[in-house]
Structure formats: structure tokens, C-alpha cells
Amino acid sequence: MSAVREIGDAVSAAHLFTYLVPETAEAAAGLGVTDRGPAYLAFRSAALGAVPWQVVLAAFYNFSPRAVRAMEGVWDAAPPGRWQAARFSAAGRAMRRVGVRLTAGHLAEARSLIDPVVAGADFAGKVLAAANASVALPADPLVALWQQITVAREWRGDAHLVVLADHGLGPCDCLVLHTAAGGLPVPVARATRRWDDREWAAATARLAARGWLDRDGVLTGSGRAARERIEAETDEHCAALWSPIGTTGARRLATLLAPITDAFTAAGTFRGISPA
């Protein structure tokens, strides 16, 4: 595995827990939103400011319009700044509940690696990454590291959307391909992204016409190769992001972030989204 893929996987895994832990749901309820979908969208898009749902839809890509439109009213419940603060608080509480083991020395080393990456990043076309980079880091050292991880995770995600579009994979198509490759259980994808049966079937048919799925919706060899090309091209886009610390620094940072993922894995946080 290349260093760019390794660190990309590491930052994605270390960021992911925030959408699954009870602390996040509790924080959203404290702001007056108990529906998990709108709460997810509000927390993740809070760095953008009080933008309309259509802007969030454009940035998130694989969600259906009906899923994102459901967030209307979240900025009336609480302004984005309160959502961001609540997100930080929930992340910190969750990491301490599961016992993330990062010493002060490891935190400082991780920051010495990721800070120059964020500082040197080119944010042209990287909407969610740029928005998160504009957020003031919290005083809590563990949560501050997590926010820098979030910038890097969103940067790769923003780059990935460019590659998906270049390959002619629309929002529902890329999600169907992702589930067929085992990236996310279909029930989770359907419940959270809210593509209806007709839309899902049409996307499946388009992928089958390209030879990427068989008639039963199962990933073919061509589909697997196509998906790997997309990931490899995303890695190529991301190589410049990690150039300030090089291969050695990227791999060391991946090692330093592993305790975050390990702690939440041990706590069973990811069990519900693991493919069957």
C-alpha cells in the first residue's frame, strides 16, 4: 500500500467515530434536533456557515436531495457556531470515554506532522476541507488534533468527488458501486442517503451497462478494477497534500493516529457499519 493510501485510510478511520457515538446524538438533542440525518448534516456542514441545504447537497455529493433537504431548519435550532462547538465537545467526550491512548508527546509529534500539511494545503476546489481549515482550533489538544485530521479527511473527500465526476459516476451511481464493493452495507447506505427504489435501480442498471456490475448487482472484475483506478487517481490528487512530510512522515502519522481507531473499534463503535 502506498504511503498516500495508508495515511488517507488512517485519517478517514480516525475521523469517522464522530458520526456514530452516542455523545454526538446527545449533543444534537441538546441543540433541539433529534433526527439523526439532519443532525449529521448540520454537524458536518457547520464549518460552511449557515448555507442553504442546496450548498450542502453540492458539497456532500452522494446524498439524495430529499436527504439533504431534511436539514432545513437546523440553523434556526442553533447557529453553525454552536453546532461546531457541540461537535468538538462530543468528540472530546467520546475519545475519553473509550480511552484513546495518546500521550502528550505523541499528540505533539502528531501535530508536528499534520500541522504543516494543513498549512501548506492548496484548497482550490476543496470546499469542505477549506471550511474546516477556517475553524479555530479548540483548546483541548486531543480535539485540536482531531480537527486537523478532519481537514485532511475532507481534503481527500473533496478530491475524490473530482475523480468520480471525471469517471461519469453520479451521486447515486458512486454509492451503489461503493456498496457493491463492500464499502458500506446497503441498508445503511439506503437509510442515510435516501435514494428511492427507482433511483437505486436506475443507478444499478447504468453500472451494469458499463460492465461494472452483473445483472444481479454483484461487482464484476471490471468493476473492481474501475473502482481501484478511481482510488488510485484520488491518491494521485492527494500526493501533493502530504508532500510537506513525505513518505516517512505520512507513515509515522498513520501510526500515531492508530490508537484513536483502535479504541473505537474495541468499543464496538463501527460494528453497525461493517459490511456483512
# chains A, B, ... in the order shown; residues from 1 in each chain; ligands from 1
call {"tool": "residues_around", "arguments": {"residues": "A:Asp166", "least_positions_apart": "3", "cutoff": "12 Å", "atoms": "only C-alpha atoms", "output": "list in words"}}
result
Ala159, His160, Leu161, Val162, Val163, Leu169, Gly170, Cys174, Arg229, Ile230, Glu233 and Thr234 of chain A
call {"tool": "write_last_selection", "arguments": {"atoms": "N, CA, C and O atoms", "output": "PDB file, in the first residue's frame"}}
result
ATOM      1  N   ALA A 159     -11.265  15.835  -3.135  1.00  0.00           N
ATOM      2  CA  ALA A 159     -10.521  15.386  -4.313  1.00  0.00           C
ATOM      3  C   ALA A 159     -11.210  14.186  -4.965  1.00  0.00           C
ATOM      4  O   ALA A 159     -11.250  14.071  -6.197  1.00  0.00           O
ATOM      5  N   HIS A 160     -11.757  13.319  -4.140  1.00  0.00           N
ATOM      6  CA  HIS A 160     -12.422  12.113  -4.642  1.00  0.00           C
ATOM      7  C   HIS A 160     -13.626  12.470  -5.509  1.00  0.00           C
ATOM      8  O   HIS A 160     -13.889  11.808  -6.519  1.00  0.00           O
ATOM      9  N   LEU A 161     -14.340  13.522  -5.140  1.00  0.00           N
ATOM     10  CA  LEU A 161     -15.506  13.928  -5.924  1.00  0.00           C
ATOM     11  C   LEU A 161     -15.113  14.344  -7.337  1.00  0.00           C
ATOM     12  O   LEU A 161     -15.847  14.086  -8.294  1.00  0.00           O
ATOM     13  N   VAL A 162     -13.968  14.984  -7.462  1.00  0.00           N
ATOM     14  CA  VAL A 162     -13.474  15.376  -8.786  1.00  0.00           C
ATOM     15  C   VAL A 162     -13.238  14.131  -9.640  1.00  0.00           C
ATOM     16  O   VAL A 162     -13.602  14.089 -10.830  1.00  0.00           O
ATOM     17  N   VAL A 163     -12.650  13.115  -9.048  1.00  0.00           N
ATOM     18  CA  VAL A 163     -12.356  11.886  -9.777  1.00  0.00           C
ATOM     19  C   VAL A 163     -13.651  11.161 -10.149  1.00  0.00           C
ATOM     20  O   VAL A 163     -13.798  10.660 -11.272  1.00  0.00           O
ATOM     21  N   LEU A 169     -19.416   9.148 -12.810  1.00  0.00           N
ATOM     22  CA  LEU A 169     -20.168   8.475 -11.758  1.00  0.00           C
ATOM     23  C   LEU A 169     -20.974   9.509 -10.980  1.00  0.00           C
ATOM     24  O   LEU A 169     -20.413  10.305 -10.224  1.00  0.00           O
ATOM     25  N   GLY A 170     -22.272   9.489 -11.161  1.00  0.00           N
ATOM     26  CA  GLY A 170     -23.127  10.426 -10.459  1.00  0.00           C
ATOM     27  C   GLY A 170     -23.298  10.055  -9.005  1.00  0.00           C
ATOM     28  O   GLY A 170     -22.794   9.019  -8.535  1.00  0.00           O
ATOM     29  N   CYS A 174     -22.193   6.274  -7.703  1.00  0.00           N
ATOM     30  CA  CYS A 174     -20.983   6.023  -6.914  1.00  0.00           C
ATOM     31  C   CYS A 174     -21.319   5.325  -5.612  1.00  0.00           C
ATOM     32  O   CYS A 174     -20.540   4.505  -5.117  1.00  0.00           O
ATOM     33  N   ARG A 229      -9.008   2.005  -9.915  1.00  0.00           N
ATOM     34  CA  ARG A 229      -8.478   3.135 -10.690  1.00  0.00           C
ATOM     35  C   ARG A 229      -8.916   4.457 -10.072  1.00  0.00           C
ATOM     36  O   ARG A 229      -8.134   5.408  -9.994  1.00  0.00           O
ATOM     37  N   ILE A 230     -10.166   4.510  -9.650  1.00  0.00           N
ATOM     38  CA  ILE A 230     -10.694   5.734  -9.041  1.00  0.00           C
ATOM     39  C   ILE A 230      -9.943   6.042  -7.747  1.00  0.00           C
ATOM     40  O   ILE A 230      -9.577   7.195  -7.486  1.00  0.00           O
ATOM     41  N   GLU A 233      -6.391   7.205  -8.634  1.00  0.00           N
ATOM     42  CA  GLU A 233      -6.381   8.592  -9.127  1.00  0.00           C
ATOM     43  C   GLU A 233      -6.620   9.578  -7.987  1.00  0.00           C
ATOM     44  O   GLU A 233      -6.051  10.675  -7.980  1.00  0.00           O
ATOM     45  N   THR A 234      -7.434   9.184  -7.013  1.00  0.00           N
ATOM     46  CA  THR A 234      -7.612  10.027  -5.831  1.00  0.00           C
ATOM     47  C   THR A 234      -6.297  10.138  -5.071  1.00  0.00           C
ATOM     48  O   THR A 234      -5.917  11.230  -4.611  1.00  0.00           O
TER      49      THR A 234
END
call {"tool": "closest_atom_pairs", "arguments": {"of": "stretch 147-207 of chain A", "to": "stretch 15-24 of chain A", "cutoff": "12 Å", "atoms": "only C-alpha atoms", "output": "Markdown table"}}
result
| residue | atom | partner | partner_atom | distance |
| --- | --- | --- | --- | --- |
| A:Gln147 | CA | A:His15 | CA | 8.5 |
| A:Gln148 | CA | A:His15 | CA | 9.7 |
| A:Ile149 | CA | A:His15 | CA | 6.6 |
| A:Thr150 | CA | A:His15 | CA | 6.0 |
| A:Val151 | CA | A:His15 | CA | 9.6 |
| A:Ala152 | CA | A:His15 | CA | 9.6 |
| A:Arg153 | CA | A:His15 | CA | 7.3 |
| A:Glu154 | CA | A:His15 | CA | 9.6 |
| A:Thr192 | CA | A:Tyr19 | CA | 11.6 |
call {"tool": "write_last_selection", "arguments": {"atoms": "N, CA, C and O atoms", "output": "short mmCIF file (atom, residue, chain, number, x, y, z; two decimals), in the first residue's frame"}}
result
data_model
loop_
_atom_site.label_atom_id
_atom_site.label_comp_id
_atom_site.auth_asym_id
_atom_site.auth_seq_id
_atom_site.Cartn_x
_atom_site.Cartn_y
_atom_site.Cartn_z
N GLN A 147 -9.49 17.82 14.82
CA GLN A 147 -9.94 18.77 13.82
C GLN A 147 -8.96 18.87 12.66
O GLN A 147 -9.36 18.99 11.50
N GLN A 148 -7.68 18.81 12.93
CA GLN A 148 -6.69 18.80 11.85
C GLN A 148 -6.84 17.53 11.01
O GLN A 148 -6.72 17.57 9.78
N ILE A 149 -7.13 16.41 11.67
CA ILE A 149 -7.43 15.18 10.95
C ILE A 149 -8.64 15.38 10.04
O ILE A 149 -8.66 14.93 8.89
N THR A 150 -9.64 16.08 10.57
CA THR A 150 -10.87 16.33 9.80
C THR A 150 -10.57 17.12 8.53
O THR A 150 -11.11 16.82 7.46
N VAL A 151 -9.70 18.11 8.62
CA VAL A 151 -9.33 18.88 7.42
C VAL A 151 -8.74 17.95 6.36
O VAL A 151 -9.12 17.99 5.19
N ALA A 152 -7.81 17.08 6.79
CA ALA A 152 -7.17 16.17 5.85
C ALA A 152 -8.16 15.17 5.27
O ALA A 152 -8.12 14.83 4.08
N ARG A 153 -9.08 14.69 6.11
CA ARG A 153 -10.07 13.74 5.64
C ARG A 153 -10.99 14.39 4.60
O ARG A 153 -11.30 13.80 3.57
N GLU A 154 -11.44 15.60 4.88
CA GLU A 154 -12.33 16.28 3.93
C GLU A 154 -11.59 16.67 2.65
O GLU A 154 -12.18 16.70 1.57
N THR A 192 -29.43 6.30 4.98
CA THR A 192 -28.81 7.59 5.25
C THR A 192 -28.81 8.51 4.03
O THR A 192 -28.96 9.72 4.17
#
call {"tool": "select_by_dssp", "arguments": {"residues": "stretch 100-265 of chain A", "states": "alpha helix (DSSP H)", "output": "MDAnalysis selection string"}}
result
chainID A and resid 104:119 127:133 141:166 171:180 186:193 197:209 221:242 246:265
call {"tool": "residues_around", "arguments": {"residues": "stretch 114-131 of chain A", "least_positions_apart": "6", "cutoff": "9 Å", "atoms": "only C-alpha atoms", "output": "ChimeraX atom specification"}}
result
/A:44-49,59-60,145,148-159,162,240-245,250,253
call {"tool": "residues_around", "arguments": {"residues": "stretch 181-190 of chain A", "least_positions_apart": "4", "cutoff": "10 Å", "atoms": "only C-alpha atoms", "output": "count of residues only"}}
result
24
call {"tool": "residues_around", "arguments": {"residues": "A:Ala267", "least_positions_apart": "6", "cutoff": "10 Å", "atoms": "only C-alpha atoms", "output": "PyMOL selection string"}}
result
chain A and resi 97-99+261
call {"tool": "closest_residue", "arguments": {"among": "A:Ala91, A:Ala133, A:Ala78, A:Ala180", "to": "A:Gly30", "atoms": "only C-alpha atoms"}}
result
A:Ala78
call {"tool": "residues_around", "arguments": {"residues": "A:Arg5", "least_positions_apart": "3", "cutoff": "10 Å", "atoms": "only C-alpha atoms", "output": "CSV table (one decimal) with N, CA and C atoms, in the first residue's frame"}}
result
chain,number,residue,atom,x,y,z
A,1,MET,N,0.9,-1.2,0.0
A,1,MET,CA,0.0,0.0,0.0
A,1,MET,C,0.9,1.2,0.0
A,2,SER,N,0.5,2.2,-0.8
A,2,SER,CA,1.3,3.5,-0.9
A,2,SER,C,1.1,4.2,0.4
A,8,GLY,N,-4.3,8.2,4.0
A,8,GLY,CA,-5.7,8.5,3.7
A,8,GLY,C,-6.7,7.7,4.5
A,9,ASP,N,-6.3,6.4,4.5
A,9,ASP,CA,-7.2,5.4,5.3
A,9,ASP,C,-7.1,5.8,6.8
A,10,ALA,N,-5.9,6.1,7.3
A,10,ALA,CA,-5.8,6.4,8.7
A,10,ALA,C,-6.6,7.6,9.1
A,231,GLU,N,-9.7,5.0,-6.9
A,231,GLU,CA,-9.0,5.2,-5.7
A,231,GLU,C,-7.5,5.7,-6.0
A,232,ALA,N,-6.9,5.0,-7.0
A,232,ALA,CA,-5.5,5.3,-7.3
A,232,ALA,C,-5.4,6.8,-7.8
A,234,THR,N,-7.4,9.2,-7.0
A,234,THR,CA,-7.6,10.0,-5.8
A,234,THR,C,-6.3,10.1,-5.1
A,235,ASP,N,-5.6,9.0,-5.0
A,235,ASP,CA,-4.3,9.1,-4.3
A,235,ASP,C,-3.3,10.0,-5.0
A,236,GLU,N,-3.4,10.0,-6.4
A,236,GLU,CA,-2.5,10.9,-7.2
A,236,GLU,C,-2.8,12.4,-6.8
A,238,CYS,N,-4.0,13.4,-4.1
A,238,CYS,CA,-3.6,13.7,-2.7
A,238,CYS,C,-2.1,13.7,-2.4
A,239,ALA,N,-1.3,13.2,-3.4
A,239,ALA,CA,0.1,13.2,-3.1
A,239,ALA,C,0.7,14.5,-2.8
A,250,ALA,N,4.3,10.6,6.6
A,250,ALA,CA,2.9,10.2,6.4
A,250,ALA,C,2.7,8.8,7.1
A,251,ARG,N,3.7,7.9,7.0
A,251,ARG,CA,3.5,6.6,7.6
A,251,ARG,C,3.6,6.7,9.1
